[in-house]
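Undergrad: Next comes my_file35.cif, mmCIF, N, CA and C atoms:
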data_data
loop_
_atom_site.label_atom_id
_atom_site.label_comp_id
_atom_site.auth_asym_id
_atom_site.auth_seq_id
_atom_site.Cartn_x
_atom_site.Cartn_y
_atom_site.Cartn_z
N MET Z 1 133.49 109.86 88.33
CA MET Z 1 133.70 108.77 89.25
C MET Z 1 132.46 107.90 89.26
N ALA Z 2 132.63 106.60 89.20
CA ALA Z 2 131.51 105.66 89.20
C ALA Z 2 130.93 105.56 90.61
N PRO Z 3 129.59 105.46 90.71
CA PRO Z 3 128.99 105.33 92.04
C PRO Z 3 129.35 103.98 92.64
N THR Z 4 129.43 103.94 93.96
CA THR Z 4 129.70 102.67 94.63
C THR Z 4 128.43 101.83 94.61
N HIS Z 5 128.58 100.56 94.90
CA HIS Z 5 127.44 99.67 94.83
C HIS Z 5 126.41 99.90 95.93
N THR Z 6 126.72 100.72 96.90
CA THR Z 6 125.75 100.99 97.96
C THR Z 6 124.99 102.29 97.73
N GLU Z 7 125.40 103.02 96.71
CA GLU Z 7 124.73 104.29 96.48
C GLU Z 7 123.37 104.07 95.83
N LEU Z 8 122.52 104.99 96.08
CA LEU Z 8 121.16 104.98 95.56
C LEU Z 8 121.13 105.82 94.29
N THR Z 9 120.49 105.34 93.27
CA THR Z 9 120.39 106.13 92.05
C THR Z 9 119.21 107.08 92.16
N ASN Z 10 119.40 108.28 91.67
CA ASN Z 10 118.35 109.29 91.72
C ASN Z 10 118.27 110.00 90.38
N PRO Z 11 117.08 110.48 90.01
CA PRO Z 11 116.96 111.24 88.79
C PRO Z 11 117.66 112.59 88.94
N PRO Z 12 118.01 113.25 87.81
CA PRO Z 12 118.66 114.55 87.90
C PRO Z 12 117.74 115.58 88.56
N ALA Z 13 118.33 116.55 89.17
CA ALA Z 13 117.56 117.60 89.83
C ALA Z 13 116.81 118.42 88.79
N ALA Z 14 115.63 118.92 89.18
CA ALA Z 14 114.84 119.74 88.27
C ALA Z 14 115.66 120.96 87.84
N GLY Z 15 115.55 121.27 86.56
CA GLY Z 15 116.26 122.43 86.03
C GLY Z 15 117.70 122.15 85.68
N SER Z 16 118.14 120.89 85.78
CA SER Z 16 119.53 120.57 85.50
C SER Z 16 119.80 120.56 84.00
N ALA Z 17 121.08 120.54 83.65
CA ALA Z 17 121.47 120.48 82.24
C ALA Z 17 120.99 119.18 81.62
N VAL Z 18 120.99 118.11 82.40
CA VAL Z 18 120.52 116.82 81.88
C VAL Z 18 119.04 116.93 81.53
N GLU Z 19 118.27 117.53 82.42
CA GLU Z 19 116.85 117.68 82.16
C GLU Z 19 116.61 118.54 80.92
N ALA Z 20 117.37 119.61 80.76
CA ALA Z 20 117.24 120.46 79.59
C ALA Z 20 117.58 119.70 78.32
N ALA Z 21 118.61 118.88 78.37
CA ALA Z 21 119.02 118.11 77.20
C ALA Z 21 117.94 117.09 76.83
N GLN Z 22 117.24 116.57 77.83
CA GLN Z 22 116.19 115.60 77.56
C GLN Z 22 114.99 116.25 76.89
N MET Z 23 114.82 117.54 77.02
CA MET Z 23 113.70 118.25 76.40
C MET Z 23 113.97 118.58 74.93
N GLU Z 24 115.23 118.67 74.53
CA GLU Z 24 115.56 119.13 73.20
C GLU Z 24 115.09 118.26 72.05
N PRO Z 25 115.03 116.92 72.17
CA PRO Z 25 114.67 116.13 71.00
C PRO Z 25 113.34 116.52 70.36
N CYS Z 26 112.41 117.05 71.12
CA CYS Z 26 111.13 117.41 70.52
C CYS Z 26 111.24 118.73 69.75
N GLY Z 27 112.33 119.44 69.94
CA GLY Z 27 112.54 120.66 69.17
C GLY Z 27 111.86 121.89 69.76
N LEU Z 28 110.61 121.76 70.11
CA LEU Z 28 109.86 122.90 70.63
C LEU Z 28 109.29 122.56 72.01
N PRO Z 29 109.99 122.95 73.08
CA PRO Z 29 109.52 122.59 74.42
C PRO Z 29 108.12 123.09 74.75
N THR Z 30 107.65 124.10 74.03
CA THR Z 30 106.31 124.63 74.32
C THR Z 30 105.23 123.94 73.51
N HIS Z 31 105.62 123.08 72.57
CA HIS Z 31 104.64 122.36 71.75
C HIS Z 31 103.86 121.40 72.65
N PRO Z 32 102.53 121.28 72.46
CA PRO Z 32 101.72 120.42 73.33
C PRO Z 32 102.13 118.95 73.35
N ASP Z 33 102.70 118.45 72.25
CA ASP Z 33 103.10 117.04 72.21
C ASP Z 33 104.48 116.80 72.82
N CYS Z 34 105.20 117.84 73.17
CA CYS Z 34 106.56 117.70 73.63
C CYS Z 34 106.63 116.82 74.88
N GLY Z 35 107.21 115.65 74.72
CA GLY Z 35 107.39 114.75 75.85
C GLY Z 35 106.22 113.83 76.12
N ILE Z 36 105.04 114.17 75.66
CA ILE Z 36 103.86 113.36 75.98
C ILE Z 36 103.95 111.99 75.34
N ARG Z 37 104.28 111.93 74.07
CA ARG Z 37 104.35 110.64 73.39
C ARG Z 37 105.38 109.73 74.03
N ASP Z 38 106.53 110.30 74.36
CA ASP Z 38 107.59 109.51 74.97
C ASP Z 38 107.14 108.95 76.32
N VAL Z 39 106.50 109.77 77.11
CA VAL Z 39 106.02 109.32 78.43
C VAL Z 39 104.93 108.27 78.26
N LEU Z 40 104.00 108.50 77.34
CA LEU Z 40 102.93 107.52 77.13
C LEU Z 40 103.46 106.20 76.59
N ASP Z 41 104.50 106.27 75.75
CA ASP Z 41 105.13 105.03 75.29
C ASP Z 41 105.66 104.23 76.47
N ARG Z 42 106.23 104.90 77.43
CA ARG Z 42 106.80 104.21 78.59
C ARG Z 42 105.70 103.66 79.49
N VAL Z 43 104.79 104.52 79.92
CA VAL Z 43 103.79 104.06 80.90
C VAL Z 43 102.71 103.20 80.26
N GLY Z 44 102.62 103.21 78.94
CA GLY Z 44 101.64 102.37 78.26
C GLY Z 44 102.16 101.01 77.87
N ASP Z 45 103.44 100.78 78.07
CA ASP Z 45 104.05 99.50 77.74
C ASP Z 45 103.51 98.43 78.70
N LYS Z 46 103.18 97.25 78.17
CA LYS Z 46 102.55 96.23 79.03
C LYS Z 46 103.43 95.81 80.19
N TRP Z 47 104.73 95.69 79.96
CA TRP Z 47 105.60 95.26 81.05
C TRP Z 47 105.71 96.36 82.11
N THR Z 48 105.76 97.61 81.67
CA THR Z 48 105.81 98.72 82.62
C THR Z 48 104.59 98.71 83.52
N VAL Z 49 103.43 98.54 82.93
CA VAL Z 49 102.19 98.52 83.72
C VAL Z 49 102.26 97.41 84.76
N LEU Z 50 102.65 96.23 84.35
CA LEU Z 50 102.68 95.10 85.28
C LEU Z 50 103.74 95.27 86.38
N VAL Z 51 104.89 95.84 86.03
CA VAL Z 51 105.93 96.08 87.03
C VAL Z 51 105.47 97.15 88.02
N ILE Z 52 104.87 98.20 87.54
CA ILE Z 52 104.39 99.26 88.44
C ILE Z 52 103.29 98.72 89.36
N VAL Z 53 102.39 97.93 88.82
CA VAL Z 53 101.33 97.33 89.66
C VAL Z 53 101.98 96.50 90.77
N GLU Z 54 102.97 95.70 90.41
CA GLU Z 54 103.64 94.87 91.42
C GLU Z 54 104.38 95.72 92.45
N LEU Z 55 105.10 96.74 91.99
CA LEU Z 55 105.86 97.59 92.92
C LEU Z 55 104.96 98.47 93.78
N SER Z 56 103.71 98.64 93.37
CA SER Z 56 102.79 99.43 94.20
C SER Z 56 102.51 98.73 95.52
N ASN Z 57 102.82 97.43 95.57
CA ASN Z 57 102.66 96.66 96.82
C ASN Z 57 103.86 96.77 97.74
N GLY Z 58 104.90 97.46 97.29
CA GLY Z 58 106.10 97.63 98.10
C GLY Z 58 107.34 97.20 97.36
N PRO Z 59 108.51 97.44 97.96
CA PRO Z 59 109.78 97.09 97.31
C PRO Z 59 109.86 95.60 96.99
N ARG Z 60 110.52 95.31 95.88
CA ARG Z 60 110.70 93.91 95.47
C ARG Z 60 112.12 93.71 94.97
N ARG Z 61 112.63 92.53 95.19
CA ARG Z 61 113.91 92.14 94.59
C ARG Z 61 113.63 91.71 93.16
N PHE Z 62 114.71 91.65 92.39
CA PHE Z 62 114.58 91.33 90.97
C PHE Z 62 113.83 90.01 90.75
N ARG Z 63 114.25 88.97 91.42
CA ARG Z 63 113.63 87.65 91.22
C ARG Z 63 112.17 87.64 91.68
N GLU Z 64 111.87 88.40 92.72
CA GLU Z 64 110.48 88.50 93.17
C GLU Z 64 109.63 89.14 92.08
N LEU Z 65 110.17 90.18 91.48
CA LEU Z 65 109.46 90.84 90.37
C LEU Z 65 109.27 89.88 89.21
N GLN Z 66 110.32 89.16 88.88
CA GLN Z 66 110.26 88.24 87.75
C GLN Z 66 109.21 87.15 87.99
N ARG Z 67 109.13 86.63 89.20
CA ARG Z 67 108.12 85.62 89.51
C ARG Z 67 106.71 86.22 89.49
N ALA Z 68 106.59 87.45 89.93
CA ALA Z 68 105.27 88.09 90.04
C ALA Z 68 104.71 88.52 88.69
N VAL Z 69 105.59 88.85 87.74
CA VAL Z 69 105.15 89.32 86.43
C VAL Z 69 105.24 88.14 85.46
N ALA Z 70 104.15 87.43 85.35
CA ALA Z 70 104.12 86.21 84.53
C ALA Z 70 104.50 86.50 83.08
N GLY Z 71 105.40 85.66 82.57
CA GLY Z 71 105.77 85.74 81.16
C GLY Z 71 106.91 86.68 80.83
N ILE Z 72 107.38 87.46 81.78
CA ILE Z 72 108.46 88.41 81.49
C ILE Z 72 109.80 87.68 81.57
N SER Z 73 110.63 87.93 80.57
CA SER Z 73 111.96 87.32 80.57
C SER Z 73 112.90 88.15 81.44
N GLN Z 74 114.02 87.57 81.78
CA GLN Z 74 115.01 88.29 82.58
C GLN Z 74 115.47 89.54 81.84
N ARG Z 75 115.73 89.40 80.55
CA ARG Z 75 116.20 90.54 79.75
C ARG Z 75 115.14 91.65 79.70
N MET Z 76 113.88 91.28 79.48
CA MET Z 76 112.82 92.30 79.38
C MET Z 76 112.60 92.98 80.72
N LEU Z 77 112.69 92.23 81.82
CA LEU Z 77 112.55 92.84 83.14
C LEU Z 77 113.71 93.80 83.40
N THR Z 78 114.92 93.38 83.02
CA THR Z 78 116.09 94.26 83.19
C THR Z 78 115.89 95.56 82.42
N LEU Z 79 115.47 95.46 81.16
CA LEU Z 79 115.24 96.66 80.35
C LEU Z 79 114.14 97.53 80.95
N THR Z 80 113.07 96.89 81.40
CA THR Z 80 111.93 97.64 81.94
C THR Z 80 112.32 98.40 83.20
N VAL Z 81 112.99 97.74 84.15
CA VAL Z 81 113.34 98.45 85.39
C VAL Z 81 114.39 99.53 85.12
N ARG Z 82 115.30 99.29 84.17
CA ARG Z 82 116.29 100.33 83.82
C ARG Z 82 115.60 101.55 83.23
N ARG Z 83 114.65 101.32 82.35
CA ARG Z 83 113.91 102.44 81.74
C ARG Z 83 113.11 103.19 82.79
N LEU Z 84 112.48 102.46 83.68
CA LEU Z 84 111.72 103.10 84.75
C LEU Z 84 112.62 103.88 85.69
N GLU Z 85 113.80 103.34 85.94
CA GLU Z 85 114.77 104.04 86.78
C GLU Z 85 115.23 105.32 86.06
N ARG Z 86 115.53 105.20 84.78
CA ARG Z 86 115.97 106.36 84.00
C ARG Z 86 114.90 107.46 84.00
N ASP Z 87 113.64 107.05 83.94
CA ASP Z 87 112.53 108.01 83.92
C ASP Z 87 112.17 108.54 85.30
N GLY Z 88 112.86 108.06 86.33
CA GLY Z 88 112.61 108.55 87.68
C GLY Z 88 111.38 107.96 88.33
N LEU Z 89 110.90 106.83 87.82
CA LEU Z 89 109.71 106.21 88.39
C LEU Z 89 110.05 105.09 89.37
N VAL Z 90 111.25 104.53 89.21
CA VAL Z 90 111.70 103.44 90.08
C VAL Z 90 113.08 103.79 90.62
N GLU Z 91 113.29 103.41 91.86
CA GLU Z 91 114.57 103.62 92.52
C GLU Z 91 115.19 102.23 92.76
N ARG Z 92 116.44 102.10 92.43
CA ARG Z 92 117.17 100.84 92.57
C ARG Z 92 118.17 101.00 93.71
N THR Z 93 118.14 100.08 94.65
CA THR Z 93 119.07 100.12 95.77
C THR Z 93 119.87 98.83 95.78
N VAL Z 94 121.19 98.96 95.85
CA VAL Z 94 122.08 97.81 95.93
C VAL Z 94 122.64 97.75 97.34
N TYR Z 95 122.51 96.59 97.97
CA TYR Z 95 122.99 96.41 99.33
C TYR Z 95 124.34 95.70 99.31
N PRO Z 96 125.27 96.09 100.20
CA PRO Z 96 126.62 95.53 100.20
C PRO Z 96 126.69 94.14 100.84
N THR Z 97 126.08 93.19 100.18
CA THR Z 97 126.12 91.81 100.65
C THR Z 97 126.80 90.96 99.58
N VAL Z 98 127.12 89.74 99.93
CA VAL Z 98 127.70 88.81 98.96
C VAL Z 98 126.77 87.62 98.86
N PRO Z 99 126.13 87.39 97.73
CA PRO Z 99 126.13 88.27 96.56
C PRO Z 99 125.32 89.53 96.84
N ALA Z 100 125.55 90.55 96.03
CA ALA Z 100 124.86 91.83 96.21
C ALA Z 100 123.35 91.62 96.10
N GLN Z 101 122.61 92.27 96.98
CA GLN Z 101 121.16 92.24 96.92
C GLN Z 101 120.68 93.57 96.37
N VAL Z 102 119.72 93.50 95.46
CA VAL Z 102 119.19 94.69 94.82
C VAL Z 102 117.69 94.70 95.02
N ASP Z 103 117.14 95.84 95.38
CA ASP Z 103 115.69 95.94 95.38
C ASP Z 103 115.26 97.16 94.60
N TYR Z 104 114.01 97.10 94.20
CA TYR Z 104 113.40 98.15 93.40
C TYR Z 104 112.17 98.63 94.13
N ARG Z 105 111.98 99.93 94.11
CA ARG Z 105 110.80 100.52 94.73
C ARG Z 105 110.37 101.72 93.90
N LEU Z 106 109.13 102.08 94.01
CA LEU Z 106 108.63 103.25 93.28
C LEU Z 106 109.12 104.52 93.94
N THR Z 107 109.48 105.48 93.13
CA THR Z 107 109.80 106.81 93.65
C THR Z 107 108.47 107.52 93.95
N GLU Z 108 108.55 108.71 94.45
CA GLU Z 108 107.33 109.48 94.70
C GLU Z 108 106.56 109.69 93.39
N THR Z 109 107.28 109.98 92.31
CA THR Z 109 106.64 110.16 91.00
C THR Z 109 106.00 108.85 90.55
N GLY Z 110 106.73 107.75 90.70
CA GLY Z 110 106.18 106.44 90.33
C GLY Z 110 104.95 106.09 91.14
N ALA Z 111 105.01 106.37 92.43
CA ALA Z 111 103.86 106.08 93.30
C ALA Z 111 102.65 106.91 92.91
N SER Z 112 102.88 108.13 92.41
CA SER Z 112 101.74 108.98 92.01
C SER Z 112 101.05 108.43 90.76
N LEU Z 113 101.72 107.53 90.06
CA LEU Z 113 101.17 106.92 88.85
C LEU Z 113 100.36 105.66 89.16
N THR Z 114 100.53 105.09 90.34
CA THR Z 114 99.96 103.77 90.61
C THR Z 114 98.45 103.73 90.50
N HIS Z 115 97.75 104.75 90.95
CA HIS Z 115 96.28 104.67 90.88
C HIS Z 115 95.81 104.65 89.43
N LEU Z 116 96.54 105.34 88.55
CA LEU Z 116 96.16 105.32 87.13
C LEU Z 116 96.47 103.97 86.50
N VAL Z 117 97.64 103.42 86.79
CA VAL Z 117 98.04 102.14 86.23
C VAL Z 117 97.15 101.02 86.78
N GLN Z 118 96.84 101.07 88.05
CA GLN Z 118 95.97 100.05 88.63
C GLN Z 118 94.56 100.16 88.05
N ALA Z 119 94.11 101.37 87.79
CA ALA Z 119 92.80 101.54 87.14
C ALA Z 119 92.81 100.93 85.74
N LEU Z 120 93.90 101.13 85.00
CA LEU Z 120 94.04 100.56 83.67
C LEU Z 120 94.07 99.03 83.75
N ALA Z 121 94.81 98.49 84.71
CA ALA Z 121 94.88 97.04 84.88
C ALA Z 121 93.50 96.49 85.25
N SER Z 122 92.79 97.15 86.13
CA SER Z 122 91.44 96.71 86.53
C SER Z 122 90.48 96.76 85.35
N TRP Z 123 90.56 97.84 84.59
CA TRP Z 123 89.72 97.98 83.40
C TRP Z 123 90.01 96.84 82.43
N SER Z 124 91.28 96.53 82.24
CA SER Z 124 91.68 95.44 81.32
C SER Z 124 91.09 94.11 81.77
N LEU Z 125 91.18 93.82 83.06
CA LEU Z 125 90.61 92.58 83.58
C LEU Z 125 89.10 92.54 83.40
N GLU Z 126 88.46 93.66 83.66
CA GLU Z 126 87.00 93.73 83.56
C GLU Z 126 86.51 93.55 82.13
N HIS Z 127 87.26 94.04 81.16
CA HIS Z 127 86.79 94.04 79.78
C HIS Z 127 87.49 93.04 78.86
N ARG Z 128 88.35 92.20 79.41
CA ARG Z 128 89.10 91.28 78.55
C ARG Z 128 88.21 90.31 77.78
N THR Z 129 87.13 89.87 78.38
CA THR Z 129 86.24 88.93 77.69
C THR Z 129 85.54 89.61 76.52
N SER Z 130 85.02 90.80 76.73
CA SER Z 130 84.32 91.48 75.63
C SER Z 130 85.30 91.88 74.52
N ILE Z 131 86.51 92.22 74.88
CA ILE Z 131 87.52 92.55 73.87
C ILE Z 131 87.90 91.31 73.07
N ALA Z 132 88.06 90.19 73.76
CA ALA Z 132 88.37 88.93 73.07
C ALA Z 132 87.25 88.55 72.11
N ARG Z 133 86.00 88.74 72.53
CA ARG Z 133 84.85 88.47 71.66
C ARG Z 133 84.85 89.39 70.44
N ALA Z 134 85.11 90.68 70.67
CA ALA Z 134 85.14 91.64 69.56
C ALA Z 134 86.26 91.29 68.58
N ARG Z 135 87.41 90.88 69.09
CA ARG Z 135 88.51 90.48 68.21
C ARG Z 135 88.14 89.27 67.37
N ALA Z 136 87.53 88.29 68.02
CA ALA Z 136 87.12 87.08 67.29
C ALA Z 136 86.10 87.42 66.20
N THR Z 137 85.15 88.29 66.52
CA THR Z 137 84.16 88.71 65.54
C THR Z 137 84.82 89.44 64.38
N TYR Z 138 85.72 90.35 64.68
CA TYR Z 138 86.44 91.11 63.64
C TYR Z 138 87.26 90.16 62.77
N ASP Z 139 88.02 89.27 63.41
CA ASP Z 139 88.87 88.33 62.66
C ASP Z 139 88.04 87.43 61.75
N ALA Z 140 86.86 87.00 62.21
CA ALA Z 140 85.99 86.16 61.39
C ALA Z 140 85.46 86.94 60.19
N ALA Z 141 85.18 88.23 60.40
CA ALA Z 141 84.66 89.06 59.32
C ALA Z 141 85.75 89.55 58.36
N HIS Z 142 87.00 89.48 58.77
CA HIS Z 142 88.12 89.97 57.97
C HIS Z 142 89.23 88.92 57.89
N PRO Z 143 88.96 87.77 57.30
CA PRO Z 143 89.98 86.72 57.23
C PRO Z 143 91.20 87.21 56.44
N GLY Z 144 92.37 86.81 56.92
CA GLY Z 144 93.60 87.19 56.23
C GLY Z 144 94.14 88.55 56.60
N HIS Z 145 93.42 89.31 57.43
CA HIS Z 145 93.91 90.61 57.88
C HIS Z 145 94.55 90.46 59.25
N ASP Z 146 95.79 90.08 59.27
CA ASP Z 146 96.49 89.92 60.55
C ASP Z 146 97.03 91.29 60.96
N ILE Z 147 96.37 91.93 61.93
CA ILE Z 147 96.78 93.29 62.35
C ILE Z 147 97.36 93.29 63.76
N ARG Z 148 97.73 92.14 64.23
CA ARG Z 148 98.31 92.09 65.58
C ARG Z 148 99.57 92.81 65.53
#
Starting from the file, lay out its structure as structure tokens.

TA:
Amino acid sequence: MAPTHTELTNPPAAGSAVEAAQMEPCGLPTHPDCGIRDVLDRVGDKWTVLVIVELSNGPRRFRELQRAVAGISQRMLTLTVRRLERDGLVERTVYPTVPAQVDYRLTETGASLTHLVQALASWSLEHRTSIARARATYDAAHPGHDIR
């Protein structure tokens, strides 16, 4: 049965069959890399970082998020919040209004990530000038090597 538009989406319960199935792709659940790369791919994505930073200030509607995250397209924001919802980091709530209102907020797991993501964002702001200088120096020393 499909959930109604007023229901709240939640991640599967710990120990569920869904959770077990999500562990299988790595083949060896006890291997140290199992799940780490996938999680780092998600939380290391630039749009994810920016959305989490914005949601750390409280719940936001879709358009509020889109305005707050400069340069993000509607499609990329949709994909980002869906992925974050799937990973249990964001909770999506649909309100029974016409038109339907939707807001996004961090789950407890998502909120536990905010200090790390905000630290990464702060570090990026602090070091962006020196990184830009290093890139320019490298590019000047290695013409024709486009590694972006």

Undergrad: Apply the PyMOL selection byres ((chain Z and resi 117) around 8) to the structure shown and report the selected residues as a list in words.

TA: Val43, Thr48, Val49, Leu50, Ile52, Val53, Ser112, Leu113, Thr114, His115, Leu116, Gln118, Ala119, Leu120, Ala121, Ser122 and Trp123 of chain Z

Undergrad: Can you list every residue in segment 33-133 of chain Z that DSSP puts in helix (DSSP H, G or I), as an MDAnalysis selection string?

TA: chainID Z and resid 36:43 46:55 62:68 74:86 108:133

Undergrad: Check which residues satisfy the PyMOL selection byres ((chain Z and resi 106) around 6.5) in the file shown, then give them as a ChimeraX atom specification.

TA: /Z:55-56,58-59,89-91,104-105,107-111

Undergrad: How many Å separate atom C of Ala68 of chain Z from atom C of Val51 of chain Z?

TA: 8.7 Å

Undergrad: Please return, as a list in words, all residues of segment 31-94 of chain Z that DSSP assigns to strand (DSSP E) on the basis of the backbone.

TA: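 Here is the list: Arg60, Arg61, Val90, Glu91, Arg92, Thr93 and Val94 of chain Z.
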
Undergrad: Atom C of Ile72 of chain Z and atom CA of Gly35 of chain Z are how many Å apart?

TA: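 Interatomic distance here is 27.8 Å.
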
Undergrad: Can you work out the spacing between atom CA of Ile131 of chain Z and atom CA of Gly71 of chain Z in Å, to one decimal?

TA: 20.8 Å

Undergrad: Calculated over only C-alpha atoms, which of the candidates Z:Arg83, Z:Arg75, Z:Arg60, Z:Leu65 has the smallest distance to Asp41 of chain Z?

TA: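 Of the candidates, the smallest distance to Asp41 of chain Z is held by Z:Arg83.
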
Undergrad: Would you mind telling me which residue in Z:Asp38, Z:Leu79, Z:Val69, Z:Gly144 lies nearest to Glu54 of chain Z when using all atoms listed in the file?

TA: Z:Val69
